[in-house]
Amino acid sequence: MLLRTTDRSVADICHLVGLQSVGSFTTSFTRTYGRTPTAYRAAYPSAAHHALIPSCVLRAYGRPQRSTFREDNSSTPD
């Protein structure tokens with residue numbers, strides 16, 4: 001799951017699951033899943049694909065940078 005849903009390195013994932021040797025992790029993983037951790041990760045969409053952006057953030061970035069309302073111009077001195 002960590003390989004499919006995060007961008008953590010294989011070494012970091014190895015240590016997170018309690019192993020100390022990346023070589024042993026890679027060998028065991030390859031024996032179990034039939035491909036290396038890197039090849040397994042490449043077969044799935046990137047972790048960024050799973051990232052959810054709150055709609056309020058989308059709306060804030062989608063707003064025009066310059067307002068076009070008339071009342072914005074009324075504050076300029078005559």
# chains A, B, ... in the order shown; residues from 1 in each chain; ligands from 1
>>> residues_around(residues="stretch 36-47 of chain A", least_positions_apart="4", cutoff="12 Å", atoms="only C-alpha atoms", output="list in words")
Met1, Leu2, Leu3, Arg4, Thr5, Thr6, Asp7, Arg8, Ser9, Val10, Ala11, Ile13, Cys14, Val22, Gly23, Ser24, Phe25, Thr26, Thr27, Ser28, Phe29, Thr30, Arg31, Thr32, Ala51 and Leu52 of chain A
>>> write_last_selection(atoms="C-alpha atoms", output="short mmCIF file (atom, residue, chain, number, x, y, z; two decimals), in the first residue's frame")
data_model
loop_
_atom_site.label_atom_id
_atom_site.label_comp_id
_atom_site.auth_asym_id
_atom_site.auth_seq_id
_atom_site.Cartn_x
_atom_site.Cartn_y
_atom_site.Cartn_z
CA MET A 1 0.00 0.00 0.00
CA LEU A 2 2.82 2.45 0.82
CA LEU A 3 4.35 1.90 -2.61
CA ARG A 4 1.03 2.62 -4.33
CA THR A 5 -0.24 5.55 -2.25
CA THR A 6 2.87 7.50 -1.20
CA ASP A 7 5.94 8.99 -2.83
CA ARG A 8 8.23 7.72 -0.08
CA SER A 9 11.43 6.06 -1.21
CA VAL A 10 11.75 2.28 -1.20
CA ALA A 11 14.40 2.58 1.52
CA ILE A 13 9.24 2.20 3.22
CA CYS A 14 11.63 -0.63 4.09
CA VAL A 22 16.81 -2.67 1.62
CA GLY A 23 18.37 -5.58 -0.25
CA SER A 24 16.46 -8.13 1.84
CA PHE A 25 13.26 -6.11 1.45
CA THR A 26 13.68 -5.99 -2.34
CA THR A 27 14.45 -9.72 -2.54
CA SER A 28 11.48 -10.70 -0.37
CA PHE A 29 9.16 -8.32 -2.18
CA THR A 30 10.24 -9.61 -5.60
CA ARG A 31 9.76 -13.20 -4.48
CA THR A 32 6.26 -12.43 -3.15
CA ALA A 51 -4.23 13.46 -3.42
CA LEU A 52 -7.50 15.17 -2.74
#
>>> select_by_dssp(residues="stretch 3-65 of chain A", states="helix (DSSP H, G or I)", output="ChimeraX atom specification")
/A:3-5,10-16,22-33,37-42,47-50,55-62
